[in-house]
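Student: This is the content of data-v6.txt (compact mmCIF, C-alpha atoms):
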# COMPACT_ATOMS: atom_id res chain seq x y z
CA MET A 1 17.23 -26.28 -6.26
CA GLU A 2 18.38 -22.68 -5.96
CA ARG A 3 20.81 -21.91 -3.14
CA GLY A 4 22.63 -18.72 -2.30
CA SER A 5 26.32 -17.97 -1.92
CA PRO A 6 28.35 -15.40 0.04
CA ASP A 7 30.26 -14.76 -3.19
CA ALA A 8 27.17 -13.00 -4.57
CA PHE A 9 27.85 -10.03 -2.29
CA ALA A 10 30.38 -8.19 -4.42
CA GLU A 11 29.02 -4.70 -5.25
CA GLN A 12 28.10 -1.85 -2.92
CA GLY A 13 25.29 0.58 -3.64
CA THR A 14 23.78 -0.83 -6.82
CA LEU A 15 20.00 -0.57 -7.03
CA GLY A 16 17.25 -2.73 -8.44
CA VAL A 17 13.47 -2.35 -8.24
CA GLU A 18 10.88 -5.09 -8.59
CA GLU A 19 7.25 -4.07 -8.95
CA GLU A 20 4.17 -6.26 -8.98
CA PHE A 21 1.23 -5.04 -11.06
CA PHE A 22 -2.27 -6.15 -11.98
CA VAL A 23 -3.14 -6.92 -15.59
CA VAL A 24 -6.59 -5.40 -16.13
CA ASP A 25 -9.11 -5.03 -18.93
CA GLY A 26 -10.22 -1.86 -20.68
CA ALA A 27 -12.39 -0.89 -17.72
CA GLY A 28 -9.59 -1.48 -15.22
CA TYR A 29 -10.84 -4.78 -13.78
CA PRO A 30 -8.45 -7.72 -13.12
CA VAL A 31 -8.12 -10.19 -15.98
CA SER A 32 -5.91 -13.21 -16.64
CA GLY A 33 -3.29 -11.86 -19.00
CA SER A 34 0.08 -13.20 -17.97
CA ASP A 35 0.04 -16.10 -20.44
CA GLU A 36 -0.12 -13.69 -23.37
CA LEU A 37 2.40 -11.24 -21.91
CA VAL A 38 4.91 -13.71 -20.47
CA TYR A 39 4.69 -16.85 -22.60
CA GLU A 40 3.01 -16.03 -25.89
CA GLY A 41 4.11 -12.48 -26.63
CA GLU A 42 7.43 -10.94 -27.54
CA PRO A 43 8.18 -8.25 -24.96
CA PRO A 44 10.33 -5.27 -25.94
CA GLU A 45 14.06 -5.54 -25.36
CA LEU A 46 13.94 -3.66 -22.06
CA LEU A 47 11.47 -6.20 -20.65
CA ALA A 48 13.16 -9.30 -22.06
CA ASP A 49 13.94 -11.56 -19.06
CA ARG A 50 12.60 -8.80 -16.80
CA VAL A 51 8.88 -9.53 -16.89
CA ASP A 52 7.30 -12.56 -15.22
CA HIS A 53 4.04 -13.52 -13.59
CA GLU A 54 3.16 -14.28 -10.01
CA LEU A 55 0.75 -16.84 -8.55
CA PHE A 56 -2.37 -15.41 -10.20
CA LYS A 57 -2.50 -14.80 -13.93
CA THR A 58 -3.61 -11.25 -13.23
CA VAL A 59 -0.41 -10.34 -11.33
CA ILE A 60 2.74 -9.59 -13.28
CA GLU A 61 6.18 -8.58 -12.03
CA THR A 62 8.87 -6.41 -13.61
CA GLN A 63 12.49 -5.92 -12.68
CA THR A 64 14.58 -2.91 -13.60
CA PRO A 65 18.10 -3.29 -14.96
CA LYS A 66 20.80 -2.88 -12.32
CA SER A 67 21.28 0.82 -11.58
CA VAL A 68 24.47 2.44 -10.33
CA ASP A 69 22.77 5.32 -8.52
CA LEU A 70 19.42 6.92 -7.74
CA ALA A 71 19.33 8.94 -10.94
CA GLU A 72 19.69 5.82 -13.07
CA ALA A 73 17.18 3.95 -10.91
CA ARG A 74 14.67 6.73 -11.53
CA GLU A 75 15.18 6.48 -15.28
CA ASN A 76 14.87 2.71 -15.20
CA VAL A 77 11.66 2.69 -13.13
CA HIS A 78 9.98 5.07 -15.55
CA ALA A 79 11.29 3.26 -18.63
CA VAL A 80 10.17 -0.19 -17.46
CA ARG A 81 6.70 1.07 -16.57
CA GLU A 82 6.28 2.82 -19.91
CA ALA A 83 7.44 -0.28 -21.77
CA LEU A 84 5.05 -2.51 -19.83
CA VAL A 85 2.04 -0.25 -20.45
CA GLU A 86 2.79 -0.08 -24.18
CA TYR A 87 3.39 -3.83 -24.39
CA ALA A 88 0.16 -4.65 -22.53
CA ALA A 89 -1.79 -2.35 -24.84
CA GLU A 90 -0.78 -4.52 -27.80
CA TYR A 91 -3.02 -7.22 -26.26
CA ASP A 92 -5.78 -4.80 -25.22
CA PHE A 93 -4.71 -4.94 -21.58
CA GLN A 94 -4.00 -2.13 -19.16
CA VAL A 95 -1.82 -2.14 -16.04
CA ALA A 96 -2.86 -1.15 -12.52
CA ALA A 97 -1.08 -1.00 -9.18
CA ALA A 98 -2.10 -1.29 -5.52
CA GLY A 99 -1.26 -3.68 -2.69
CA LEU A 100 -4.54 -5.46 -3.41
CA HIS A 101 -6.87 -4.73 -6.28
CA PRO A 102 -10.28 -3.63 -4.93
CA ALA A 103 -12.12 -5.55 -7.66
CA ALA A 104 -10.11 -8.78 -7.35
CA ARG A 105 -12.04 -11.76 -6.02
CA TRP A 106 -9.63 -14.64 -5.62
CA ARG A 107 -12.14 -17.44 -6.22
CA GLU A 108 -12.89 -15.99 -9.67
CA LEU A 109 -9.26 -15.59 -10.81
CA GLU A 110 -7.00 -18.15 -12.49
CA HIS A 111 -3.81 -19.46 -10.94
CA ALA A 112 -0.66 -19.73 -13.03
CA GLU A 113 0.29 -23.12 -14.43
CA LYS A 114 4.00 -22.79 -13.58
CA ASP A 115 5.29 -25.85 -11.70
CA ARG A 116 6.75 -23.69 -8.93
CA TYR A 117 3.38 -22.13 -8.13
CA ARG A 118 1.49 -25.40 -8.46
CA ALA A 119 3.87 -26.91 -5.90
CA GLN A 120 3.27 -23.95 -3.57
CA LEU A 121 -0.50 -24.30 -3.90
CA GLU A 122 -0.27 -27.98 -3.01
CA ARG A 123 2.02 -27.36 -0.04
CA ILE A 124 0.46 -24.19 1.42
CA GLN A 125 -3.18 -24.66 0.41
CA TYR A 126 -5.76 -22.00 1.44
CA PRO A 127 -3.40 -19.12 2.36
CA GLN A 128 -1.72 -19.33 -1.04
CA HIS A 129 -4.94 -19.91 -2.99
CA ARG A 130 -6.21 -16.50 -1.83
CA ASN A 131 -2.89 -14.61 -2.21
CA THR A 132 -3.83 -11.83 -4.65
CA THR A 133 -1.19 -9.47 -3.25
CA ALA A 134 1.17 -7.10 -5.06
CA GLY A 135 4.22 -5.48 -3.50
CA LEU A 136 7.25 -3.31 -4.13
CA HIS A 137 10.71 -4.75 -3.58
CA VAL A 138 13.87 -2.64 -3.45
CA HIS A 139 17.38 -4.14 -3.74
CA VAL A 140 20.56 -2.38 -2.64
CA GLY A 141 23.90 -4.02 -3.36
CA VAL A 142 26.19 -4.82 -0.43
CA ASP A 143 29.80 -5.90 -0.97
CA ASP A 144 30.18 -8.25 2.00
CA ALA A 145 27.93 -11.09 3.13
CA ASP A 146 28.35 -10.50 6.87
CA LYS A 147 27.68 -6.80 6.33
CA ALA A 148 24.48 -7.63 4.43
CA VAL A 149 23.19 -9.65 7.39
CA TRP A 150 24.20 -6.93 9.88
CA VAL A 151 22.41 -4.30 7.80
CA SER A 152 19.32 -6.50 7.32
CA ASN A 153 19.05 -7.02 11.09
CA ARG A 154 18.95 -3.28 11.67
CA MET A 155 16.69 -2.50 8.72
CA ARG A 156 13.91 -4.33 10.54
CA TRP A 157 13.15 -1.32 12.73
CA HIS A 158 12.40 0.79 9.65
CA LEU A 159 10.08 -1.67 7.90
CA PRO A 160 6.86 -0.66 9.73
CA VAL A 161 7.55 2.96 8.77
CA MET A 162 7.78 1.97 5.10
CA LEU A 163 4.62 -0.10 5.35
CA ALA A 164 2.66 2.68 7.03
CA LEU A 165 3.74 5.21 4.43
CA SER A 166 2.93 2.83 1.56
CA ALA A 167 -0.45 1.62 2.88
CA ASN A 168 -2.49 1.16 -0.28
CA SER A 169 -4.73 -1.87 0.14
CA PRO A 170 -7.87 -1.37 2.23
CA TYR A 171 -10.07 -3.68 0.13
CA TRP A 172 -9.79 -7.43 -0.24
CA ASN A 173 -12.16 -9.85 -1.95
CA GLY A 174 -14.87 -7.24 -2.28
CA TYR A 175 -15.03 -5.66 1.16
CA ASP A 176 -13.38 -3.01 3.28
CA THR A 177 -11.10 -4.78 5.77
CA GLY A 178 -10.78 -1.81 8.12
CA LEU A 179 -7.02 -2.05 7.57
CA GLU A 180 -4.83 0.38 5.69
CA SER A 181 -2.67 -2.42 4.26
CA ALA A 182 -4.66 -5.63 4.11
CA ARG A 183 -1.98 -6.92 1.71
CA ALA A 184 0.50 -7.16 4.57
CA LYS A 185 -1.86 -9.25 6.67
CA ILE A 186 -3.01 -11.48 3.79
CA PHE A 187 0.59 -12.15 2.80
CA GLU A 188 1.52 -13.02 6.39
CA GLY A 189 -0.80 -16.01 6.06
CA LEU A 190 1.97 -17.71 4.09
CA PRO A 191 4.89 -19.44 5.81
CA ASN A 192 8.30 -17.72 5.98
CA THR A 193 6.86 -14.20 5.79
CA GLY A 194 6.69 -11.13 7.99
CA MET A 195 9.35 -9.80 10.31
CA PRO A 196 12.48 -11.99 10.33
CA THR A 197 14.62 -12.75 13.35
CA ALA A 198 18.17 -11.39 13.64
CA PHE A 199 21.11 -13.53 12.53
CA ALA A 200 24.59 -13.43 14.08
CA ASP A 201 26.38 -13.44 10.72
CA TYR A 202 26.12 -14.77 7.19
CA ASP A 203 27.09 -18.32 8.19
CA ALA A 204 24.12 -18.40 10.57
CA PHE A 205 21.80 -17.11 7.86
CA GLN A 206 23.11 -19.62 5.32
CA ARG A 207 22.69 -22.49 7.75
CA PHE A 208 19.07 -21.44 8.21
CA GLU A 209 18.51 -21.08 4.47
CA ASN A 210 20.03 -24.50 3.72
CA ARG A 211 18.18 -26.14 6.59
CA MET A 212 14.87 -24.91 5.20
CA ILE A 213 15.73 -26.33 1.77
CA ASP A 214 17.15 -29.62 3.04
CA SER A 215 14.15 -30.22 5.32
CA GLY A 216 11.72 -29.73 2.44
CA SER A 217 10.22 -26.64 4.08
CA ILE A 218 10.92 -24.60 0.93
CA ASN A 219 11.84 -25.60 -2.60
CA ASP A 220 14.50 -22.91 -3.10
CA ARG A 221 15.94 -19.86 -1.38
CA GLY A 222 13.43 -17.61 -3.15
CA GLU A 223 10.63 -18.97 -0.96
CA LEU A 224 11.93 -17.12 2.08
CA TRP A 225 9.52 -14.20 1.74
CA HIS A 226 10.37 -12.12 4.81
CA ASP A 227 9.98 -8.34 4.79
CA VAL A 228 13.74 -7.89 4.53
CA ARG A 229 16.37 -10.42 3.60
CA PRO A 230 19.97 -10.70 2.50
CA HIS A 231 19.39 -11.83 -1.09
CA SER A 232 22.02 -14.51 -1.43
CA GLY A 233 21.43 -14.77 -5.18
CA HIS A 234 21.66 -11.09 -6.14
CA GLY A 235 24.08 -9.99 -3.42
CA THR A 236 21.73 -7.34 -2.05
CA VAL A 237 19.71 -6.33 0.95
CA GLU A 238 16.15 -6.66 -0.30
CA VAL A 239 13.32 -4.72 1.34
CA ARG A 240 9.87 -6.18 0.63
CA ALA A 241 7.67 -4.21 3.04
CA PRO A 242 5.78 -1.64 0.88
CA ASP A 243 2.49 -2.04 -0.94
CA ALA A 244 2.58 -1.66 -4.72
CA GLN A 245 1.96 1.86 -6.03
CA ALA A 246 0.53 3.38 -9.20
CA ASP A 247 2.46 6.63 -8.69
CA PRO A 248 6.15 6.24 -9.59
CA THR A 249 7.14 9.17 -7.38
CA VAL A 250 6.00 7.19 -4.35
CA VAL A 251 8.00 4.18 -5.53
CA LEU A 252 11.09 6.32 -5.95
CA ALA A 253 10.66 7.79 -2.47
CA PHE A 254 11.03 4.27 -1.07
CA VAL A 255 14.01 3.60 -3.31
CA GLU A 256 15.65 6.78 -1.99
CA TYR A 257 14.89 5.87 1.63
CA THR A 258 16.07 2.28 1.31
CA GLU A 259 19.30 3.33 -0.42
CA ALA A 260 19.98 5.94 2.25
CA LEU A 261 19.38 3.46 5.08
CA VAL A 262 21.61 0.78 3.58
CA THR A 263 24.37 3.32 2.91
CA ASP A 264 24.15 4.71 6.45
CA LEU A 265 24.16 1.27 8.06
CA SER A 266 26.98 0.04 5.81
CA GLU A 267 29.13 2.94 6.95
CA ARG A 268 28.35 2.10 10.56
CA TYR A 269 29.35 -1.50 9.92
CA GLU A 270 32.69 -0.46 8.41
CA ASP A 271 33.43 1.77 11.40
CA ARG A 272 31.82 -0.65 13.87
CA ALA A 273 29.95 2.40 15.08
CA ASP A 274 26.47 1.37 16.18
CA PRO A 275 24.70 4.09 18.14
CA ASP A 276 21.43 2.25 17.50
CA GLY A 277 22.82 -1.11 18.52
CA VAL A 278 19.51 -2.01 20.14
CA ASP A 279 18.22 -2.60 16.59
CA GLY A 280 20.28 -5.72 16.19
CA CYS A 281 18.79 -7.47 19.20
CA MET A 282 15.33 -5.90 19.44
CA ARG A 283 12.70 -8.46 20.26
CA ARG A 284 10.64 -9.54 17.29
CA GLU A 285 7.45 -9.08 19.33
CA VAL A 286 8.05 -5.31 19.48
CA LEU A 287 8.79 -5.18 15.77
CA ASP A 288 5.62 -7.18 15.08
CA GLU A 289 3.60 -4.74 17.20
CA ASN A 290 4.92 -1.84 15.14
CA LYS A 291 4.10 -3.67 11.92
CA TRP A 292 0.56 -4.25 13.17
CA ARG A 293 0.20 -0.55 13.94
CA ALA A 294 1.44 0.26 10.43
CA LEU A 295 -0.96 -2.02 8.56
CA ARG A 296 -3.88 -1.06 10.79
CA TYR A 297 -3.46 2.73 10.90
CA GLY A 298 -1.25 3.69 7.96
CA HIS A 299 -0.38 7.39 8.02
CA ASP A 300 -2.05 7.72 11.43
CA ALA A 301 0.21 5.12 13.05
CA SER A 302 2.40 5.67 16.07
CA PHE A 303 5.20 3.28 16.95
CA VAL A 304 6.73 1.84 20.10
CA GLU A 305 10.09 3.58 20.51
CA ARG A 306 13.29 1.59 20.30
CA GLU A 307 14.16 2.46 23.88
CA GLY A 308 11.81 3.10 26.77
CA SER A 309 8.06 2.75 26.84
CA GLY A 310 6.97 5.76 24.79
CA THR A 311 5.67 6.02 21.25
CA VAL A 312 6.50 8.21 18.28
CA ASP A 313 4.05 9.36 15.61
CA LEU A 314 4.80 8.47 12.01
CA GLY A 315 5.11 12.13 11.01
CA GLU A 316 7.67 12.86 13.71
CA PHE A 317 9.66 9.78 12.79
CA VAL A 318 9.62 10.74 9.11
CA ASP A 319 10.93 14.22 9.95
CA ARG A 320 13.73 12.70 12.00
CA GLU A 321 14.71 10.34 9.21
CA CYS A 322 14.67 13.00 6.51
CA ASP A 323 16.84 15.31 8.60
CA ARG A 324 19.20 12.52 9.63
CA LEU A 325 19.65 11.03 6.17
CA GLY A 326 19.29 14.14 4.02
CA ILE A 327 16.31 12.83 2.03
CA SER A 328 12.90 14.29 1.23
CA GLY A 329 10.79 11.74 -0.65
CA ILE A 330 9.15 10.00 2.29
CA ARG A 331 8.19 13.38 3.77
CA ASP A 332 6.33 14.16 0.55
CA VAL A 333 4.63 10.77 0.76
CA TYR A 334 3.58 11.40 4.35
CA ASP A 335 2.29 14.90 3.59
CA ALA A 336 0.11 13.57 0.76
CA GLU A 337 -3.09 11.57 1.14
CA SER A 338 -2.37 7.89 1.73
CA GLY A 339 -3.25 5.35 -0.93
CA ALA A 340 -5.78 3.70 1.37
CA THR A 341 -7.50 6.99 2.19
CA ARG A 342 -7.60 7.93 -1.47
CA GLN A 343 -9.13 4.58 -2.43
CA ARG A 344 -11.86 4.86 0.19
CA GLY A 345 -12.67 8.41 -0.85
CA ILE A 346 -12.99 7.57 -4.53
CA LEU A 347 -15.10 4.47 -3.91
CA GLU A 348 -17.48 6.35 -1.65
CA SER A 349 -17.87 9.39 -3.88
CA GLU A 350 -17.53 7.97 -7.40
CA GLY A 351 -17.87 4.19 -7.24
CA LEU A 352 -15.82 1.13 -8.09
CA ASP A 353 -15.44 1.91 -11.80
CA ALA A 354 -13.79 5.22 -10.97
CA LEU A 355 -11.52 3.60 -8.37
CA CYS A 356 -10.36 0.98 -10.86
CA ARG A 357 -9.53 3.73 -13.35
CA ASP A 358 -7.61 5.65 -10.71
CA LEU A 359 -5.26 2.71 -10.11
CA LEU A 360 -4.11 2.55 -13.73
CA LEU A 361 -0.53 3.40 -14.65
Could the structure of this file be written out as structure tokens, please?
Tutor:
Amino acid sequence: MERGSPDAFAEQGTLGVEEEFFVVDGAGYPVSGSDELVYEGEPPELLADRVDHELFKTVIETQTPKSVDLAEARENVHAVREALVEYAAEYDFQVAAAGLHPAARWRELEHAEKDRYRAQLERIQYPQHRNTTAGLHVHVGVDDADKAVWVSNRMRWHLPVMLALSANSPYWNGYDTGLESARAKIFEGLPNTGMPTAFADYDAFQRFENRMIDSGSINDRGELWHDVRPHSGHGTVEVRAPDAQADPTVVLAFVEYTEALVTDLSERYEDRADPDGVDGCMRREVLDENKWRALRYGHDASFVEREGSGTVDLGEFVDRECDRLGISGIRDVYDAESGATRQRGILESEGLDALCRDLLL
């Protein structure tokens, strides 16, 4: 039974990227391929111990090696993707990415045989049986456990912004949901997901984590699937808000943004300077409202401000963040067509076959 430790928090600023992808056939449609790629095949050295499957046999996950900075993270993201595409081709598979695959129908797809997932299916039932989601997870190393919790508390305000920018899953189970990120809402059907509460310090977080394990609510610490968490195994702050993306430049924009936020907040923690102290105690209901706005409206979202009763448009918030943090990637993402808008446009004008091809790596 996997439990975390404060000793895991030992390195500041390291980066890791986990991406969930769909294994698809030659036409780009979801197919059960994880048995061949994970259990039966021999992945290249870069993917050894860094490729695994998720609940459905069509969803596969990769992890980059630990990176020391953004430049190395960029190299690793590209290298892992290239290795995965080449490896999948050996078995006549292709690889696609989106928060939900528009051609995936969960009743027609196979679940993995892994004991961990079989136990989840038995415990969670319907919400897990339909969970065909794929996300992007970014890890940033933090060298102190209490700091990691403090940073995670304050990262919560920024999660709806990431979700809105990443919105790339309008279709689920064969129909248009009317949402920009249906993945976020489908995934929230599981327990221990969504926007977490704030914790006073690492001891409080660890008590919660252990209580969930000891009460049988979860089987291990990895089943706390909130949108941000102090990862007590890797020693990181892990952001899990964005939809999966086919375009690596979009992925790297979120890596840049997450790294900049964690660095900024870590410096505030060291100095005990907290001009945005309201973040630490903001009511979860307000954060949930902003997440709803993000998954419903995507690039057209506006958000309830941290203070007062006004709202701020996504574009204005992105400009503020880029100027404040000295970054540019999320501005480029905002200025471009959203994934959800692109998917709807292609389906309407060219059809499902063309959309499936467009999602290929």
Student: In Å, how far is it from atom CA of A:Ile186 to atom CA of A:Glu61?
Tutor: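 Atom CA of A:Ile186 sits 18.5 Å away from atom CA of A:Glu61.
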Student: In terms of the shortest atom-to-atom distance over all atoms listed in the file, which of A:Trp225, A:Phe208, A:Arg306, A:Ser181 is closest to A:Thr193?
Tutor: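 Looking at the shortest contact to A:Thr193, the residue is A:Trp225.
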Student: Compile the contact shell of stretch 93-107 of chain A as JSON, numbers by chain: residues with an atom at most 9 Å away, counting only C-alpha atoms, same-chain residues fewer than 5 positions apart removed.
Tutor: {"A": [19, 20, 21, 22, 23, 24, 25, 26, 27, 28, 29, 30, 31, 33, 56, 84, 85, 86, 87, 88, 129, 130, 131, 132, 133, 134, 135, 136, 166, 167, 168, 169, 170, 171, 172, 173, 174, 175, 176, 181, 182, 183, 184, 242, 243, 244, 245, 246, 247, 339, 343, 352, 355, 356, 357, 358, 359, 360, 361]}
Student: Save out the residues we just selected, C-alpha atoms, as a PDB file, keeping the file's coordinate frame.
Tutor:
ATOM      1  CA  GLU A  19       7.250  -4.070  -8.950  1.00  0.00           C
ATOM      2  CA  GLU A  20       4.170  -6.260  -8.980  1.00  0.00           C
ATOM      3  CA  PHE A  21       1.230  -5.040 -11.060  1.00  0.00           C
ATOM      4  CA  PHE A  22      -2.270  -6.150 -11.980  1.00  0.00           C
ATOM      5  CA  VAL A  23      -3.140  -6.920 -15.590  1.00  0.00           C
ATOM      6  CA  VAL A  24      -6.590  -5.400 -16.130  1.00  0.00           C
ATOM      7  CA  ASP A  25      -9.110  -5.030 -18.930  1.00  0.00           C
ATOM      8  CA  GLY A  26     -10.220  -1.860 -20.680  1.00  0.00           C
ATOM      9  CA  ALA A  27     -12.390  -0.890 -17.720  1.00  0.00           C
ATOM     10  CA  GLY A  28      -9.590  -1.480 -15.220  1.00  0.00           C
ATOM     11  CA  TYR A  29     -10.840  -4.780 -13.780  1.00  0.00           C
ATOM     12  CA  PRO A  30      -8.450  -7.720 -13.120  1.00  0.00           C
ATOM     13  CA  VAL A  31      -8.120 -10.190 -15.980  1.00  0.00           C
ATOM     14  CA  GLY A  33      -3.290 -11.860 -19.000  1.00  0.00           C
ATOM     15  CA  PHE A  56      -2.370 -15.410 -10.200  1.00  0.00           C
ATOM     16  CA  LEU A  84       5.050  -2.510 -19.830  1.00  0.00           C
ATOM     17  CA  VAL A  85       2.040  -0.250 -20.450  1.00  0.00           C
ATOM     18  CA  GLU A  86       2.790  -0.080 -24.180  1.00  0.00           C
ATOM     19  CA  TYR A  87       3.390  -3.830 -24.390  1.00  0.00           C
ATOM     20  CA  ALA A  88       0.160  -4.650 -22.530  1.00  0.00           C
ATOM     21  CA  HIS A 129      -4.940 -19.910  -2.990  1.00  0.00           C
ATOM     22  CA  ARG A 130      -6.210 -16.500  -1.830  1.00  0.00           C
ATOM     23  CA  ASN A 131      -2.890 -14.610  -2.210  1.00  0.00           C
ATOM     24  CA  THR A 132      -3.830 -11.830  -4.650  1.00  0.00           C
ATOM     25  CA  THR A 133      -1.190  -9.470  -3.250  1.00  0.00           C
ATOM     26  CA  ALA A 134       1.170  -7.100  -5.060  1.00  0.00           C
ATOM     27  CA  GLY A 135       4.220  -5.480  -3.500  1.00  0.00           C
ATOM     28  CA  LEU A 136       7.250  -3.310  -4.130  1.00  0.00           C
ATOM     29  CA  SER A 166       2.930   2.830   1.560  1.00  0.00           C
ATOM     30  CA  ALA A 167      -0.450   1.620   2.880  1.00  0.00           C
ATOM     31  CA  ASN A 168      -2.490   1.160  -0.280  1.00  0.00           C
ATOM     32  CA  SER A 169      -4.730  -1.870   0.140  1.00  0.00           C
ATOM     33  CA  PRO A 170      -7.870  -1.370   2.230  1.00  0.00           C
ATOM     34  CA  TYR A 171     -10.070  -3.680   0.130  1.00  0.00           C
ATOM     35  CA  TRP A 172      -9.790  -7.430  -0.240  1.00  0.00           C
ATOM     36  CA  ASN A 173     -12.160  -9.850  -1.950  1.00  0.00           C
ATOM     37  CA  GLY A 174     -14.870  -7.240  -2.280  1.00  0.00           C
ATOM     38  CA  TYR A 175     -15.030  -5.660   1.160  1.00  0.00           C
ATOM     39  CA  ASP A 176     -13.380  -3.010   3.280  1.00  0.00           C
ATOM     40  CA  SER A 181      -2.670  -2.420   4.260  1.00  0.00           C
ATOM     41  CA  ALA A 182      -4.660  -5.630   4.110  1.00  0.00           C
ATOM     42  CA  ARG A 183      -1.980  -6.920   1.710  1.00  0.00           C
ATOM     43  CA  ALA A 184       0.500  -7.160   4.570  1.00  0.00           C
ATOM     44  CA  PRO A 242       5.780  -1.640   0.880  1.00  0.00           C
ATOM     45  CA  ASP A 243       2.490  -2.040  -0.940  1.00  0.00           C
ATOM     46  CA  ALA A 244       2.580  -1.660  -4.720  1.00  0.00           C
ATOM     47  CA  GLN A 245       1.960   1.860  -6.030  1.00  0.00           C
ATOM     48  CA  ALA A 246       0.530   3.380  -9.200  1.00  0.00           C
ATOM     49  CA  ASP A 247       2.460   6.630  -8.690  1.00  0.00           C
ATOM     50  CA  GLY A 339      -3.250   5.350  -0.930  1.00  0.00           C
ATOM     51  CA  GLN A 343      -9.130   4.580  -2.430  1.00  0.00           C
ATOM     52  CA  LEU A 352     -15.820   1.130  -8.090  1.00  0.00           C
ATOM     53  CA  LEU A 355     -11.520   3.600  -8.370  1.00  0.00           C
ATOM     54  CA  CYS A 356     -10.360   0.980 -10.860  1.00  0.00           C
ATOM     55  CA  ARG A 357      -9.530   3.730 -13.350  1.00  0.00           C
ATOM     56  CA  ASP A 358      -7.610   5.650 -10.710  1.00  0.00           C
ATOM     57  CA  LEU A 359      -5.260   2.710 -10.110  1.00  0.00           C
ATOM     58  CA  LEU A 360      -4.110   2.550 -13.730  1.00  0.00           C
ATOM     59  CA  LEU A 361      -0.530   3.400 -14.650  1.00  0.00           C
TER      60      LEU A 361
END
Student: Report the distance between atom CA of A:Thr14 and atom CA of A:Gly326 in Å, rounded to one decimal place.
Tutor: 19.0 Å
Student: When you draw a straight line from atom CA of A:Asn290 to atom CA of A:Trp157, how long is it in Å?
Tutor: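 Result for atom CA of A:Asn290 versus atom CA of A:Trp157: 8.6 Å, one decimal.
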Student: Would you mind telling me which residue in A:Arg154, A:Arg207, A:Arg221, A:Arg116 lies nearest to A:His234 when using only C-alpha atoms?
Tutor: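 Comparing A:Arg154, A:Arg207, A:Arg221, A:Arg116 against A:His234, the winner is A:Arg221.
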Student: Measuring between all atoms listed in the file, which one of A:Val255, A:Ala340, A:Ala354, A:Ala204 shows the shortest distance to A:Pro6?
Tutor: A:Ala204
Student: Nearest residue to A:Ile330 out of A:Val250, A:Val77, A:Val228, A:Met212, using all atoms listed in the file?
Tutor: A:Val250
Student: Any chance you could work out the axis-aligned box around stretch 307-315 of chain A, listed atoms only, 8 Å on each side, giving centre and edge lengths in Å to one decimal, as lines of an AutoDock Vina configuration file?
Tutor:
center_x = 9.1
center_y = 7.3
center_z = 18.9
size_x = 26.1
size_y = 25.7
size_z = 31.8
Student: Of the candidates A:Gly13, A:Pro196, A:Gly351, A:Gly298, which one gets nearest to A:Ala164 if we count all atoms listed in the file?
Tutor: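 With all atoms listed in the file as the atom set, the closest residue is A:Gly298.
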Student: Write out as a short mmCIF file (atom, residue, chain, number, x, y, z; two decimals) with C-alpha atoms, keeping the file's coordinate frame which residues come within 7 Å of stretch 332-338 of chain A when counting only C-alpha atoms, dropping same-chain ones fewer than 4 positions away.
Tutor:
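So the final result, stored in around.cif, reads:
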data_model
loop_
_atom_site.label_atom_id
_atom_site.label_comp_id
_atom_site.auth_asym_id
_atom_site.auth_seq_id
_atom_site.Cartn_x
_atom_site.Cartn_y
_atom_site.Cartn_z
CA LEU A 165 3.74 5.21 4.43
CA ALA A 167 -0.45 1.62 2.88
CA VAL A 250 6.00 7.19 -4.35
CA HIS A 299 -0.38 7.39 8.02
CA GLY A 315 5.11 12.13 11.01
CA SER A 328 12.90 14.29 1.23
CA ARG A 342 -7.60 7.93 -1.47
#
Student: Within 6 Å of A:Thr62, counting all atoms listed in the file, which residues show up once you throw out same-chain ones fewer than 4 positions away? Write them as a ChimeraX atom specification, please.
Tutor: /A:18-19,50-51
Student: Do you know which residues are at most 6 Å from stretch 64-73 of chain A counting only C-alpha atoms, after dropping those on the same chain fewer than 2 positions away, and could you put them as a list in words?
Tutor: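 Listing them by chain and then by number gives Thr14, Leu15, Gly16, Val17, Glu75 and Asn76 of chain A.
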Student: List as a list in words the residues having at least one atom at most 6 Å from position (1.9, -19.3, -11.9) as given in the file, counting only C-alpha atoms.
Tutor: Glu54, Leu55, His111, Ala112, Glu113, Lys114 and Tyr117 of chain A
Student: Compile the contact shell of A:Val262 as a PyMOL selection string: residues with an atom at most 7 Å away, counting only C-alpha atoms, same-chain residues fewer than 4 positions apart removed.
Tutor: chain A and resi 151+258+266
Student: Which one of A:Ala148, A:Leu325, A:Leu109, A:Ala200 sits closest to A:Glu256 if you count all atoms listed in the file?
Tutor: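 For A:Glu256, the nearest of the given residues is A:Leu325.
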